[in-house]
Structures are given as C-alpha cells and as structure tokens.
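What follows is input-v1.cif (mmCIF, C-alpha atoms).
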data_query
loop_
_atom_site.label_atom_id
_atom_site.label_comp_id
_atom_site.auth_asym_id
_atom_site.auth_seq_id
_atom_site.Cartn_x
_atom_site.Cartn_y
_atom_site.Cartn_z
CA MET P 150 139.29 94.25 104.76
CA SER P 151 138.73 97.63 106.46
CA SER P 152 138.43 97.43 110.24
CA SER P 153 135.70 100.07 110.12
CA VAL P 154 133.43 97.89 107.96
CA HIS P 155 132.11 94.53 109.11
CA ILE P 156 130.49 92.36 106.44
CA ASN P 157 127.62 90.42 107.98
CA PRO P 158 127.69 86.78 106.90
CA GLU P 159 124.15 86.35 108.27
CA ALA P 160 122.62 88.60 105.60
CA GLY P 161 122.86 86.04 102.81
CA GLN P 162 119.60 85.74 100.93
CA TRP P 163 117.39 86.80 103.84
CA ARG P 164 113.97 88.23 102.98
CA TRP P 165 111.36 90.13 104.94
CA PRO P 166 109.04 88.96 106.36
CA ASP P 167 110.63 85.93 107.97
CA VAL P 168 108.44 84.45 110.71
CA ASN P 169 111.40 82.62 112.22
CA THR P 170 113.52 85.68 112.95
CA SER P 171 111.26 88.74 112.69
CA PRO P 172 108.73 90.36 115.01
CA THR P 173 105.08 89.84 114.18
CA ALA P 174 103.92 92.30 111.54
CA LEU P 175 101.24 94.60 112.93
CA LEU P 176 100.03 96.34 109.80
CA PRO P 177 97.22 94.79 107.75
CA LEU P 178 97.76 94.32 104.03
CA ASP P 179 96.54 97.86 103.32
CA GLY P 180 98.37 99.30 106.31
CA GLU P 181 101.06 101.19 104.42
CA ALA P 182 98.39 103.18 102.60
CA LYS P 183 96.78 103.98 105.96
CA VAL P 184 100.07 105.30 107.32
CA LEU P 185 100.62 107.62 104.37
CA ALA P 186 96.97 108.77 104.49
CA PHE P 187 97.44 109.56 108.18
CA HIS P 188 100.59 111.59 107.54
CA LYS P 189 98.82 113.56 104.84
CA GLN P 190 96.31 114.83 107.41
CA LEU P 191 99.08 116.40 109.49
CA PRO P 192 99.79 120.12 108.98
CA SER P 193 102.07 120.95 106.03
CA TYR P 194 102.63 117.43 104.70
CA ASP P 195 104.92 117.25 101.67
CA ARG P 196 107.47 114.71 100.57
CA THR P 197 111.05 115.62 101.47
CA PRO P 198 113.62 116.14 98.68
CA LEU P 199 115.97 113.62 97.09
CA HIS P 200 119.30 115.17 96.02
CA SER P 201 121.69 113.75 93.44
CA LEU P 202 125.42 113.84 94.25
CA GLN P 203 126.61 112.90 90.80
CA SER P 204 130.12 114.27 91.34
CA VAL P 205 130.49 111.97 94.37
CA ALA P 206 129.18 109.06 92.32
CA ASN P 207 131.73 109.79 89.58
CA GLU P 208 134.56 110.10 92.11
CA LEU P 209 133.66 106.77 93.74
CA ALA P 210 132.96 105.01 90.41
CA LEU P 211 129.29 104.45 91.24
CA GLY P 212 126.22 104.93 89.10
CA HIS P 213 124.22 107.23 91.36
CA VAL P 214 124.56 108.61 94.88
CA LEU P 215 121.24 110.03 96.11
CA VAL P 216 120.44 111.70 99.43
CA LYS P 217 116.96 111.41 100.96
CA ASP P 218 116.99 114.68 102.86
CA GLU P 219 114.98 114.63 106.12
CA SER P 220 116.40 117.93 107.37
CA SER P 221 112.90 119.42 107.40
CA ARG P 222 109.87 117.19 107.94
CA PHE P 223 106.67 118.94 109.04
CA GLY P 224 108.90 121.86 110.00
CA LEU P 225 111.05 119.74 112.32
CA PRO P 226 114.71 118.93 111.60
CA SER P 227 114.35 115.14 111.53
CA PHE P 228 112.48 112.17 110.10
CA LYS P 229 111.36 111.11 113.58
CA ILE P 230 108.02 112.90 113.47
CA LEU P 231 106.91 110.20 110.98
CA GLY P 232 107.34 107.42 113.53
CA ALA P 233 106.37 109.50 116.54
CA SER P 234 103.11 110.75 115.03
CA TRP P 235 101.88 107.32 113.95
CA ALA P 236 102.94 105.68 117.23
CA VAL P 237 101.29 108.38 119.37
CA TYR P 238 98.12 108.20 117.27
CA ARG P 239 97.80 104.45 117.64
CA ALA P 240 98.96 104.24 121.27
CA VAL P 241 96.59 106.96 122.47
CA ALA P 242 93.68 105.52 120.49
CA GLU P 243 94.25 102.08 121.98
CA LYS P 244 94.63 103.53 125.48
CA LEU P 245 91.17 104.98 124.96
CA GLY P 246 89.77 101.61 123.92
CA HIS P 247 89.75 101.90 120.14
CA ALA P 248 90.56 98.53 118.62
CA THR P 249 93.24 99.47 116.11
CA GLY P 250 93.91 103.18 116.34
CA SER P 251 93.99 103.18 112.53
CA ASP P 252 90.29 103.52 111.74
CA GLY P 253 90.53 107.00 110.29
CA MET P 254 89.75 108.85 113.51
CA ARG P 255 90.63 112.51 113.12
CA LEU P 256 93.27 114.08 115.37
CA SER P 257 90.81 116.63 116.70
CA ALA P 258 88.41 113.94 117.90
CA LEU P 259 91.22 111.83 119.37
CA GLY P 260 92.66 114.84 121.18
CA ALA P 261 89.31 115.81 122.66
CA GLU P 262 88.76 112.32 124.01
CA ALA P 263 92.32 112.11 125.37
CA ARG P 264 91.87 115.41 127.21
CA SER P 265 88.62 114.22 128.73
CA LYS P 266 90.48 111.23 130.19
CA GLY P 267 93.44 113.30 131.41
CA LEU P 268 96.02 111.48 129.27
CA LYS P 269 99.61 112.65 128.92
CA LEU P 270 102.59 111.36 126.91
CA VAL P 271 105.89 110.26 128.45
CA THR P 272 109.14 109.56 126.62
CA CYS P 273 112.89 110.12 126.73
CA THR P 274 115.22 111.47 124.07
CA GLU P 275 118.64 112.58 122.91
CA GLY P 276 116.89 115.42 121.07
CA ASN P 277 114.84 114.93 117.90
CA TRP P 278 112.61 112.09 119.13
CA GLY P 279 111.46 114.04 122.17
CA ARG P 280 110.72 117.11 120.12
CA ALA P 281 108.66 115.00 117.68
CA VAL P 282 106.62 113.45 120.51
CA ALA P 283 106.12 116.90 122.01
CA ARG P 284 104.86 118.16 118.64
CA MET P 285 102.28 115.36 118.50
CA ALA P 286 101.19 116.22 122.04
CA LYS P 287 100.70 119.80 120.82
CA TYR P 288 98.60 118.59 117.88
CA LEU P 289 96.42 116.61 120.32
CA ASP P 290 96.53 119.41 122.91
CA ILE P 291 97.59 117.06 125.73
CA PRO P 292 100.63 117.29 128.07
CA ALA P 293 103.98 115.62 127.39
CA VAL P 294 106.81 114.82 129.81
CA ILE P 295 110.23 114.38 128.17
CA TYR P 296 113.25 112.91 130.01
CA VAL P 297 116.71 113.78 128.73
CA PRO P 298 120.31 112.80 129.66
CA PHE P 299 122.32 115.30 131.68
CA ASN P 300 124.72 116.19 128.83
CA MET P 301 122.08 117.41 126.37
CA LEU P 302 122.85 120.92 125.13
CA GLU P 303 120.65 123.65 126.57
CA THR P 304 119.73 124.79 123.07
CA ALA P 305 118.32 121.32 122.34
CA ARG P 306 116.39 121.39 125.61
CA ASP P 307 114.91 124.76 124.72
CA LEU P 308 113.64 123.42 121.40
CA ILE P 309 111.72 120.66 123.21
CA ARG P 310 110.34 123.13 125.76
CA GLY P 311 109.34 125.31 122.83
CA GLU P 312 106.89 122.60 121.77
CA GLY P 313 105.14 123.02 125.13
CA ALA P 314 106.51 119.90 126.83
CA GLU P 315 107.74 119.48 130.39
CA LEU P 316 111.43 118.58 130.27
CA LEU P 317 113.21 116.64 133.05
CA ALA P 318 116.97 115.98 133.01
CA VAL P 319 118.35 112.83 134.66
CA ASP P 320 121.77 112.42 136.21
CA GLY P 321 122.97 109.91 133.65
CA ASN P 322 123.07 108.89 129.99
CA TYR P 323 120.37 107.94 127.49
CA ASP P 324 119.84 104.50 129.00
CA ASP P 325 119.32 106.13 132.39
CA ALA P 326 116.73 108.44 130.83
CA VAL P 327 114.92 105.41 129.40
CA GLY P 328 114.68 104.00 132.92
CA ALA P 329 113.30 107.25 134.29
CA ALA P 330 110.62 107.42 131.60
CA LYS P 331 109.63 103.79 132.24
CA ARG P 332 109.29 104.42 135.96
CA ARG P 333 107.18 107.52 135.37
CA ALA P 334 104.82 105.62 133.09
CA GLU P 335 104.65 102.45 135.21
CA GLY P 336 104.59 104.01 138.66
CA THR P 337 101.55 104.87 140.72
CA ASP P 338 99.97 108.10 139.58
CA ASN P 339 99.80 109.85 142.98
CA GLY P 340 97.28 112.22 141.54
CA ARG P 341 98.98 112.49 138.16
CA ALA P 342 97.11 112.05 134.93
CA ALA P 343 97.29 108.65 133.22
CA ALA P 344 100.48 108.33 131.15
CA VAL P 345 101.09 106.78 127.73
CA LEU P 346 104.71 105.72 127.24
CA VAL P 347 105.80 106.37 123.64
CA MET P 348 109.32 105.11 122.88
CA ASP P 349 111.20 104.18 119.71
CA ILE P 350 113.16 101.48 121.53
CA SER P 351 111.66 98.19 122.71
CA TRP P 352 112.40 95.77 125.54
CA GLU P 353 110.77 92.60 126.82
CA GLY P 354 107.14 93.38 127.47
CA TYR P 355 107.21 96.67 125.52
CA GLU P 356 107.19 95.85 121.82
CA THR P 357 103.97 97.11 120.28
CA VAL P 358 104.50 100.88 120.34
CA PRO P 359 108.07 100.65 118.97
CA GLN P 360 106.68 98.58 116.11
CA TYR P 361 104.22 101.38 115.38
CA VAL P 362 107.22 103.72 115.19
CA VAL P 363 108.81 101.48 112.55
CA GLU P 364 105.55 101.41 110.60
CA GLY P 365 105.47 105.21 110.61
CA TYR P 366 108.79 105.45 108.81
CA GLN P 367 107.33 103.64 105.80
CA SER P 368 106.07 106.93 104.36
CA MET P 369 109.66 108.14 103.91
CA LEU P 370 110.61 104.91 102.12
CA ASP P 371 107.60 104.97 99.82
CA GLU P 372 108.49 108.54 98.86
CA ALA P 373 112.10 107.55 98.25
CA ASP P 374 111.17 104.68 95.92
CA ASP P 375 109.21 107.01 93.66
CA GLN P 376 111.90 109.69 93.76
CA VAL P 377 114.75 107.28 92.97
CA PHE P 378 112.79 105.93 90.01
CA GLU P 379 112.25 109.49 88.75
CA ALA P 380 115.85 110.62 89.33
CA THR P 381 117.49 107.65 87.62
CA GLY P 382 115.20 107.29 84.64
CA GLY P 383 113.53 104.10 85.82
CA LYS P 384 116.03 102.43 88.15
CA TYR P 385 115.62 101.30 91.74
CA ALA P 386 118.01 101.55 94.66
CA THR P 387 120.66 98.84 94.85
CA HIS P 388 122.14 100.04 98.17
CA ALA P 389 120.78 101.94 101.16
CA ILE P 390 122.81 103.41 104.02
CA VAL P 391 121.08 104.26 107.28
CA PRO P 392 122.07 105.45 110.78
CA VAL P 393 121.38 103.01 113.62
CA GLY P 394 120.89 104.54 117.07
CA CYS P 395 118.52 102.21 118.92
CA GLY P 396 117.63 100.60 115.58
CA SER P 397 114.07 101.62 114.65
CA ILE P 398 114.85 103.49 111.43
CA ALA P 399 117.43 100.87 110.48
CA GLN P 400 114.79 98.19 111.03
CA ALA P 401 112.34 100.01 108.78
CA VAL P 402 114.94 100.50 106.04
CA THR P 403 116.10 96.88 106.23
CA GLN P 404 112.58 95.47 106.07
CA HIS P 405 111.77 97.69 103.11
CA PHE P 406 114.84 97.04 101.00
CA LYS P 407 114.90 93.32 101.82
CA GLY P 408 111.15 92.94 101.39
CA SER P 409 109.80 90.03 99.35
CA TRP P 410 107.52 92.53 97.57
CA ARG P 411 110.51 93.75 95.57
CA GLU P 412 111.07 90.43 93.82
CA LYS P 413 107.34 90.07 93.17
CA LYS P 414 107.57 93.35 91.23
CA GLY P 415 110.77 92.28 89.48
CA VAL P 416 112.91 94.62 91.59
CA PRO P 417 116.15 93.14 92.99
CA ARG P 418 116.62 93.38 96.73
CA ALA P 419 119.03 96.09 97.86
CA ALA P 420 122.07 95.80 100.11
CA VAL P 421 121.72 97.63 103.44
CA MET P 422 124.63 99.28 105.24
CA ALA P 423 124.15 100.50 108.81
CA VAL P 424 126.35 103.23 110.32
CA GLU P 425 127.17 103.96 113.97
CA PRO P 426 129.62 106.17 115.89
CA THR P 427 132.80 104.48 117.04
CA THR P 428 131.72 105.44 120.57
CA ALA P 429 128.32 103.68 120.44
CA ALA P 430 128.64 100.67 118.15
CA CYS P 431 126.03 98.41 119.75
CA LEU P 432 124.93 96.87 116.42
CA ARG P 433 128.49 96.24 115.29
CA THR P 434 129.31 94.59 118.63
CA SER P 435 126.10 92.55 118.56
CA VAL P 436 126.60 91.30 115.00
CA GLU P 437 130.17 90.29 115.74
CA SER P 438 129.20 88.44 118.92
CA GLY P 439 126.04 86.89 117.46
CA GLU P 440 123.82 88.14 120.28
CA MET P 441 122.33 91.47 121.28
CA THR P 442 124.97 93.22 123.38
CA THR P 443 124.86 96.45 125.36
CA VAL P 444 127.95 98.65 125.08
CA ALA P 445 129.22 101.55 127.16
CA THR P 446 128.88 104.79 125.21
CA GLY P 447 131.06 107.88 125.04
CA ASP P 448 130.50 111.46 123.95
CA THR P 449 129.93 111.99 120.23
CA ILE P 450 128.66 114.75 117.97
CA MET P 451 126.35 112.07 116.55
CA CYS P 452 124.24 112.27 119.71
CA GLY P 453 121.12 110.87 118.04
CA MET P 454 123.02 107.60 117.63
CA ASN P 455 124.56 107.62 121.09
CA CYS P 456 122.65 104.50 122.19
CA GLY P 457 124.27 101.57 123.94
CA THR P 458 121.39 99.11 123.54
CA LEU P 459 119.40 98.05 120.48
CA SER P 460 115.64 97.80 120.39
CA THR P 461 114.69 94.16 120.94
CA THR P 462 112.30 94.24 117.99
CA ALA P 463 114.98 95.70 115.70
CA TRP P 464 117.73 93.23 116.56
CA PRO P 465 116.32 90.10 114.81
CA VAL P 466 115.81 92.10 111.59
CA LEU P 467 119.20 93.82 111.69
CA ARG P 468 121.06 90.64 112.59
CA ARG P 469 119.80 88.85 109.50
CA GLY P 470 119.20 91.73 107.09
CA VAL P 471 122.04 94.25 107.39
CA ASP P 472 124.80 93.43 104.90
CA ALA P 473 127.47 95.62 106.47
CA SER P 474 127.96 97.44 109.75
CA VAL P 475 130.12 100.56 109.47
CA VAL P 476 131.56 102.67 112.28
CA VAL P 477 132.66 106.26 111.71
CA SER P 478 134.47 108.78 113.87
CA ASP P 479 133.32 112.27 114.81
CA GLY P 480 135.95 113.64 112.45
CA GLN P 481 134.59 111.65 109.51
CA SER P 482 131.04 112.72 110.28
CA HIS P 483 132.01 116.38 110.61
CA ARG P 484 133.81 116.34 107.26
CA ALA P 485 130.72 114.81 105.68
CA VAL P 486 128.58 117.61 107.17
CA GLN P 487 130.90 120.12 105.52
CA GLU P 488 130.87 118.27 102.20
CA LEU P 489 127.07 118.06 102.09
CA GLU P 490 126.89 121.77 102.83
CA THR P 491 128.73 122.46 99.55
CA TYR P 492 125.79 120.77 97.80
CA GLY P 493 123.26 122.90 99.67
CA ILE P 494 122.26 120.10 102.06
CA GLU P 495 121.99 121.25 105.68
CA ALA P 496 122.73 117.94 107.41
CA GLY P 497 123.50 117.16 111.02
CA PRO P 498 126.24 114.71 112.04
CA CYS P 499 123.91 111.68 112.21
CA GLY P 500 122.53 112.29 108.74
CA ALA P 501 125.94 113.06 107.25
CA ALA P 502 127.39 109.89 108.77
CA THR P 503 125.84 107.93 105.89
CA LEU P 504 128.09 109.73 103.39
CA ALA P 505 131.08 109.09 105.64
CA ALA P 506 130.14 105.39 105.73
CA LEU P 507 129.91 105.21 101.94
CA ARG P 508 133.35 106.77 101.56
CA SER P 509 134.79 104.35 104.11
CA ALA P 510 133.29 101.35 102.31
CA CYS P 511 134.54 102.49 98.91
CA GLU P 512 138.12 102.89 100.15
CA ASP P 513 138.53 99.11 100.46
CA GLU P 514 138.34 97.09 97.25
CA SER P 515 137.42 93.91 99.11
CA VAL P 516 134.48 95.70 100.76
CA ARG P 517 133.37 97.12 97.42
CA LYS P 518 133.40 93.65 95.93
CA ALA P 519 131.59 92.06 98.87
CA LEU P 520 128.82 94.68 98.71
CA GLY P 521 128.62 94.92 94.93
CA LEU P 522 129.49 98.62 94.85
CA ASP P 523 130.23 99.34 91.19
CA ALA P 524 129.31 101.52 88.22
CA ALA P 525 125.77 100.13 88.17
CA SER P 526 125.07 100.93 91.83
CA VAL P 527 122.25 103.27 92.85
CA VAL P 528 123.06 104.26 96.43
CA VAL P 529 120.52 106.00 98.68
CA LEU P 530 121.85 107.80 101.76
CA CYS P 531 119.27 108.36 104.50
CA CYS P 532 120.10 111.84 105.79
CA THR P 533 118.05 111.72 108.95
CA GLU P 534 118.55 115.14 110.56
CA GLY P 535 119.09 118.78 109.74
CA ARG P 536 122.01 120.99 110.67
CA ARG P 537 122.33 121.64 114.39
CA GLU P 538 124.73 123.04 116.92
CA TYR P 539 127.68 120.89 118.02
CA ASP P 540 131.30 121.30 118.95
CA ALA P 541 133.42 120.53 115.88
CA PRO P 542 136.06 117.88 116.61
CA SER P 543 139.66 119.08 116.54
#
Let me see the structure of the file written as structure tokens.
Amino acid sequence: MSSSVHINPEAGQWRWPDVNTSPTALLPLDGEAKVLAFHKQLPSYDRTPLHSLQSVANELALGHVLVKDESSRFGLPSFKILGASWAVYRAVAEKLGHATGSDGMRLSALGAEARSKGLKLVTCTEGNWGRAVARMAKYLDIPAVIYVPFNMLETARDLIRGEGAELLAVDGNYDDAVGAAKRRAEGTDNGRAAAVLVMDISWEGYETVPQYVVEGYQSMLDEADDQVFEATGGKYATHAIVPVGCGSIAQAVTQHFKGSWREKKGVPRAAVMAVEPTTAACLRTSVESGEMTTVATGDTIMCGMNCGTLSTTAWPVLRRGVDASVVVSDGQSHRAVQELETYGIEAGPCGAATLAALRSACEDESVRKALGLDAASVVVLCCTEGRREYDAPS
C-alpha cells in the first residue's frame, strides 16, 4: 500500500453524532438553517461554484470528480469567512450578554453595541483566517488585532492590513503566534479595550468558539449537496477530500459526510480523505500513534495547512471518522495548481492539494479497493483557497 496514504482502521462504521467520541453539539435542531440565514445577510452572498472534471474522472476510472470552488467567497479567496463570520457573530454577542448569539440580531445592531463596550477581536493566522476575521471586524466596525508568524509573505500581510486590522508579527511559527494571541486576549488590559479571542483551533478550556467555526462551514456543505445532486442527475457524493490544517474544516466535512441524517434520507455515508503537507502531517502522525500528537513543521507552499497541532475538538471526530490520511509534497500540490488552471479553476496550493491526494490514492490498487474508488464513485474535492503568490518548488 502507498506510503503516502494511511487507511484508518478506526473509521469503520462510525457515525456522527457519537456522544462517546465527539464534542457536544452546540447547534439546536434548526441551527443549520440559522447559519445559512445568517450568511445570507452578509454582503454579496451567493453559493460558490461546483466544477466537473469529467476528463479526470475518465482518466482515473471514476464516475464523477467535482470541485467545490471556494476561491472567491464574499470577495475573499477562501472558505474561511464562513466559519469566521459565524464565530465572530456568536462570540461577540455572547460577550455582550446575549444568550445564544443566534437570535437573529442584525450585524448593525451588534456592531453598535460592541463599539459602545469598546470590544476588539484578537486572532492569529497563516493568512486567510486572519483576513476573514478582519473582514468581520470591518462589518461590525470594531478593531481587530491579528498575529502572524515571522515567515508570512509581505503581500499576505498587506491584504490583512487592507481590511483595516492591526497586524503584529511574532518571532516564531504558527504555534508561537497562537500563544501570542492567547496572551493578548487573556492578559490584563492595561488600558486596552476588552478583547474577544476568535480562533479556529481549540485547546483545553477554549472549545466553544472553535465549534462555532465548524458550524459556520455547514453552509458550504449544504450548497455542495444540492450542487452534486444537480450535476450528477440525482446522485450524492460517495467520497470527499478535504485539507486538514488545524482540523476545523476537516471536522465539519467529516461530521457532514458521516452524519446519521444521510441514512435517514436513504443516502449512503461517504468516505472522507484528509490531506496534509509532508512537512506538517499532524493528523497522519496522530492517527498512526492513536493519540493527538504535535509535530515540528517545515516550510511549505501549502502554508494554510502548516499547522503542527490539531484542534482538540477536531481530533475525536477525525480519529474515528476519516477513512484515509494522505500526505502530499509541494511538488504534487504545485502540479495540481497548474492542472486546475487548465480547467479555469484559480486554486491555491492548499485547495489544489485535494486533487493531488486523489491522484495519489488512485495510483495504488489496494488503496482504491480499501476506499471503494471505482466507476460508481462521485468524488468531491474541497478546493479551499484561491490562487495566491508562492515560490514554485524546483
């Protein structure tokens, strides 16, 4: 079996929700509708496109290969605004004493109240997450402080500053930036305005806001279900491939495609494949060891996945629900960027990594068999970011 693909024996017949291994669900029964209704009140809401790569499907002897293209979401080059907007909305509302933050309060009213209390947002980022949080701060008209690792490109920093946020670089990597953001939010104010920490990674004692982030990604998945059904003439996805990073989007995808709701509607559960860079394979290492493990990271063009530690709320779901963990090199990701460009899809390395992972899985007959990749397969690739500047690997 391919060394780049690890089949997870824990996946088995696992279903979501599972109270023994999964974080407590925060959404009420009608919560998914509330999330989508919230996103529809944001400026310029529209569902993102789903592209068919039928020539790739034919080449790989699959039924359909479909790309959910998040290269432009609310005018930003990433899906992350979905999670950031919902998490900021709920976290700020709760900071102000509203019970749920999901009672239909308009952004204008929430922003006015937040300003009256001197609230500001704090987070850290490798790029797209920070820009998304900064955009929500702009919608609310409140300040945002964004910590970034020292090696972030200046062009990426300028995009965050362009949203009106204060940007602070730390002398270290992403994990060091997480620590700096935590200290800023937890420390004494010393005259500073009260801070709301909004992160898409969780740790002990900080689980609620990252769960809101996961909830926010449901809008993308609901869109994709309808689009897959339309594109295939009435079929549903049998396989989904998603980038990992700290794990929030992978958690959302896994919960959705392994959800018990599918069987109640007569829809088979889908296999989930998670992809990481070879230089930051914290999920792969954790699945192989059987416990959440932090890894040292190295430079990669897939900087949005350059995370050495999984979110603690994501790990129980990924451990039991991800069928295969795939690692890809910068070269593989770059070639996938170039291939997607020939189809008119402007993907960044993280988004294109899903195509690279599919190709890697299909190269090994034993992997294909283990995952059920065949002529009946309907594969959805989560292309999570748009084209961006990076140094092409030699």
>> Take the PyMOL selection byres ((chain P and resi 381) around 10), run it mentally on this structure, and tell me the resulting residues as a PyMOL selection string.
In response: chain P and resi 201+212-213+215+376-380+382-386+527
Write out, as a Markdown table, each residue of segment 258-313 of chain P that has an atom at most 8 Å from segment 442-453 of chain P, together with the closest pair of atoms and their distance in Å to one decimal, counting only C-alpha atoms, rows going by chain and rising number.
| residue | atom | partner | partner_atom | distance |
| --- | --- | --- | --- | --- |
| P:Glu275 | CA | P:Gly453 | CA | 5.7 |
| P:Gly276 | CA | P:Gly453 | CA | 6.9 |
| P:Asn277 | CA | P:Gly453 | CA | 7.5 |
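Look at Arg280 of chain P: the protein and nucleic acid residues within 9 Å of it, using only C-alpha atoms and passing over chain neighbours fewer than 5 places away, are Leu225, Lys229, Ile230, Thr274, Met285, Ile295, Ala305, Arg306, Leu308, Ile309, Arg310, Gly311, Glu312 and Ala314 of chain P.
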> Which residues fall under the PyMOL selection byres ((chain P and resi 440) around 12) in this file, as a ChimeraX atom specification?
Replying inline: /P:431-439,441-443,458-459,461,464-465,467-469
Put those residues in a file: C-alpha atoms, as a PDB file, keeping the file's coordinate frame.
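The result, stored in out-v1.pdb:
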ATOM      1  CA  CYS P 431     126.030  98.410 119.750  1.00  0.00           C
ATOM      2  CA  LEU P 432     124.930  96.870 116.420  1.00  0.00           C
ATOM      3  CA  ARG P 433     128.490  96.240 115.290  1.00  0.00           C
ATOM      4  CA  THR P 434     129.310  94.590 118.630  1.00  0.00           C
ATOM      5  CA  SER P 435     126.100  92.550 118.560  1.00  0.00           C
ATOM      6  CA  VAL P 436     126.600  91.300 115.000  1.00  0.00           C
ATOM      7  CA  GLU P 437     130.170  90.290 115.740  1.00  0.00           C
ATOM      8  CA  SER P 438     129.200  88.440 118.920  1.00  0.00           C
ATOM      9  CA  GLY P 439     126.040  86.890 117.460  1.00  0.00           C
ATOM     10  CA  MET P 441     122.330  91.470 121.280  1.00  0.00           C
ATOM     11  CA  THR P 442     124.970  93.220 123.380  1.00  0.00           C
ATOM     12  CA  THR P 443     124.860  96.450 125.360  1.00  0.00           C
ATOM     13  CA  THR P 458     121.390  99.110 123.540  1.00  0.00           C
ATOM     14  CA  LEU P 459     119.400  98.050 120.480  1.00  0.00           C
ATOM     15  CA  THR P 461     114.690  94.160 120.940  1.00  0.00           C
ATOM     16  CA  TRP P 464     117.730  93.230 116.560  1.00  0.00           C
ATOM     17  CA  PRO P 465     116.320  90.100 114.810  1.00  0.00           C
ATOM     18  CA  LEU P 467     119.200  93.820 111.690  1.00  0.00           C
ATOM     19  CA  ARG P 468     121.060  90.640 112.590  1.00  0.00           C
ATOM     20  CA  ARG P 469     119.800  88.850 109.500  1.00  0.00           C
TER      21      ARG P 469
END
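Here atom CA of Gly224 of chain P stands at a distance of 16.9 Å from atom CA of Phe187 of chain P.
What separates atom CA of Ser509 of chain P from atom CA of Asp349 of chain P is a distance of 28.3 Å.
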> So what does the PyMOL selection byres ((chain P and resi 520) around 10) actually pick up in this one, as a PyMOL selection string?
Replying inline: chain P and resi 156+387-388+419-422+472-473+510-511+514-519+521-523
>> Could you list, as a ChimeraX atom specification, every residue within 9 Å of Gly500 of chain P, counting all atoms listed in the file and ignoring same-chain residues fewer than 4 positions away?
In response: /P:218-220,391-392,451,482,486,496,504,530-536
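Note that atom CA of Val402 of chain P and atom CA of Lys414 of chain P are 18.0 Å apart.
With distances restricted to only C-alpha atoms, P:Arg222 is the closest residue to His188 of chain P from P:Arg222, P:His247, P:Lys217, P:His483.
Remark: for Ala343 of chain P, the closest of the candidate residues P:Ala399, P:Leu259, P:Ala329, P:Lys266 is P:Lys266 (distances computed over all atoms listed in the file).
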